[in-house]
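Here's the structure, in structure tokens; my notes come after.
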Amino acid sequence: MHLSHSVFSRAVSQALYQKVALMTDRLNVLLIGSGGREHALAYRLKTSPRLGALYVAPGNAGILTLAQKADISESDHDAVIAFCKDKAIDFVIVGPEAPLVDGLVDSLTGAGILTFGPTKEAAQLEGSKGYTKDLCAEFDIPTAAYARFGDCPSALAYLKDHPAPIVVKADGLAAGKGVTVAMSDAEAEAAIRECFDGAFGDAGAEVVIEAFLQGEEASLFALCDGKTALHLASAQDHKPVGEGDTGPNTGGMGAYSPAPVMTDALTEEVMEKIVRPTINGMASRGAPFTGILFVGLMITDKGPELIEYNVRFGDPECQTLMMRLESDLLELLLAAAKGELDGVDAKWSNDVVMNVVLASKGYPGSYEKGTVIEDLSAAEAIEGVTVFHAGTAEKDGKLLATGGRVLNVCARGKTVTEAQSLAYKAVDAVRWDNGFCRRDIGWRAVAREQKA
């Protein structure tokens with residue numbers, strides 16, 4: 001078959017046009033953050049055909065194998081804006097809670113830069129536990145009974161009529177460590193004094209005291225554009241540092257997704273009674289919520305009740321979600337940022353993914369920094385395993401542990417039991433003398449599978 005010169009020319013022109021259009025449709029992205037969550041987000045973003053250049057600020061040793069380092073501080077909003085203009089950044093994704101509560105999204109959108117994440121006002125859903133509890137009271141969202149206190153004597157007096165077990169929370173951001181589930185009055189009193197004595201800085205200047213909820217914890221994640229909420233997935237975290245959920249709370253010692261307790265019926269109940277009323281309530285307050293709504297739940301005998309909201313992907317939950325997500329993450333986040341979520345769906349693998357966190361010995365207390373992680377290659381070579389970095393840096397060709405939570409060893413399986421077995425096989429292959437982990441991540445789900 002022979003094409004005429006004109007037909008051939010038109011075909012070539014059309015092909016070139018489509019190629020150029022595809023190239024110009026690629027987006028330069030700046031990712032804010034340095035944890036395991038951001039490594040997982042970068043990992044999934046790299047699979048998007050629409051991704052152009054990917055930059056990260058500040059990143060870690062793992063993220064920097066996928067993205068270029070942006071030498072800027074997330075707290076310097078002017079510097080972030082200047083970087084975006086210099087590098088022709090089309091889209092900014094803010095990972096951690098601190099810059100969200102600090103209003104980075106407001107600054108970027110004010111400069112005309114499309115950004116994923118809630119405004120400063122909407123981020124108060126995480127930035128102030130009292131703000132969230134008041135919202136729940138106003139819009140009849142099921143949660144534990146509570147009271148707010150701005151001084152220590154009033155909070156201690158409240159304990160006389162509300163004995164333990166009871167929950168004491170620093171109102172502001174405390175890196176997941178400002179919550180005490182007090183099983184005795186003495187423990188509750190100590191937690192209150194700790195907050196007002198400055199253990200959590202400004203975050204403890206106000207205290208929220210809540211009724212103790214009995215049940216099983218789970219997390220649900222919804223993608224929101226201010227008016228529409230898209231259910232993404234569920235997960236189950238393990239906050240306490242020790243086996244059997246003992247010891248002080250941490251930022252999270254491991255997680256798995258999906259959470260078996262979150263049936264389809266229960267998920268819809270959470271969306272109907274908790275998520276949608278929150279989205280509608282925030283909009284009516286003039287603070288529409290755009291971003292990830294992380295719903296911390298207690299599944300009680302009365303049904304699901306809200307423990308707390310976070311306004312970003314969870315860490316370590318995000319790592320499990322990004323390994324299960326089959327849709328284009330970049331397209332999903334763009335749809336939310338542009339207010340175009342209506343009619344959008346997300347596809348997920350049916351596999352279970354488990355994340356076991358390796359932390360520095362001593363965490364969540366004091367720990368040694370700069371210890372050498374000798375080798376990850378054996379763990380990373382295991383099929384179905386991905387290792388995401390958190391508190392790491394590379395120096396003089398060596399991988400160093402620079403934080404409390406350092407590595408996230410994630411494994412994929414058909415069941416929780418299978419994923420757990422593979423995850424701990426990979427953990428045992430990591431060569432890092434100063435690391436430790438919980439050995440029972442997923443214990444509830446494993447027990448549930450053994451009974452089935």
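Following the order of the structure tokens, first chain is A, next is B, and so on, with residues numbered from 1 inside each chain and ligands from 1 in the order they appear.
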
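Secondary structure by DSSP on the backbone puts the following residues of range 380-419 of chain A in helix (DSSP H, G or I): Glu380, Val416, Thr417, Glu418 and Ala419 of chain A.
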
Range 153-347 of chain A: residues DSSP assigns to strand (DSSP E or B), reported as a VMD selection string: chain A and resid 166 to 170 179 to 182 207 to 211 216 to 225 229 to 237 240 to 242 246 to 249 254 to 257 290 to 300 303 to 310 325

Selection near range 109-113 of chain A, 9 Å with only C-alpha atoms, sequence-local residues under 4 positions removed, as a VMD selection string: chain A and resid 81 84 to 85 89 to 92 104 to 105

Give me, as a Markdown table, each residue of range 80-99 of chain A that comes within 7 Å of range 310-333 of chain A, together with its shortest interatomic pair and the distance in Å at one decimal, counting only C-alpha atoms, with rows ordered by chain and rising residue number.
```
| residue | atom | partner | partner_atom | distance |
| --- | --- | --- | --- | --- |
| A:Gly95 | CA | A:Arg312 | CA | 6.5 |
| A:Pro96 | CA | A:Arg312 | CA | 6.6 |
| A:Glu97 | CA | A:Arg312 | CA | 6.4 |
```

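Using only C-alpha atoms, the nearest neighbour of Ala379 in chain A within the list A:Phe200, A:Phe294, A:Phe139, A:Tyr424 is A:Tyr424.
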
Non-local contacts of range 201-209 of chain A (6 Å; only C-alpha atoms; under 3 positions in same chain excluded) as a PyMOL selection string: chain A and resi 146-150+167-173+195-196+198

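Counting only C-alpha atoms and comparing A:Asp351, A:Glu449, A:Glu305, A:Glu394, the residue that lies closest to Pro142 in chain A is A:Glu305.
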
CA of Ile382 in chain A to CA of Pro260 in chain A, distance in Å rounded to a single decimal: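 Interatomic distance here is 25.6 Å.
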
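Among the candidates A:Leu341, A:Ala423, A:Ala335, A:Val372, the residue lying nearest to Lys398 in chain A is A:Val372 (atoms considered: only C-alpha atoms).
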
Residue nearest Ile141 in chain A among A:Asp25, A:Glu308, A:Asp440, A:Asp225 (counting only C-alpha atoms):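 Smallest distance to Ile141 in chain A is found for A:Glu308.
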
Range 230-239 of chain A environment, 6 Å, only C-alpha atoms, sequence neighbours closer than 3 positions dropped, as a PyMOL selection string: chain A and resi 218-223+249-250+252-259

For Ile93 in chain A, work out the shell of residues within 7 Å, counting only C-alpha atoms and skipping chain neighbours fewer than 3 positions away, then give it as a CSV table (one decimal) with C-alpha atoms, in the first residue's frame.
```
chain,number,residue,atom,x,y,z
A,30,LEU,CA,7.3,19.3,43.7
A,31,LEU,CA,6.7,16.8,46.6
A,32,ILE,CA,7.1,18.3,50.1
A,115,THR,CA,-1.4,22.5,45.1
A,116,PHE,CA,-2.7,19.3,46.7
A,117,GLY,CA,-3.7,19.6,50.3
```

Distance of CA of Ile192 in chain A from CA of Leu156 in chain A, expressed in Å to one decimal place: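 Atom-to-atom, CA of Leu156 in chain A to CA of Ile192 in chain A, that is 7.3 Å.
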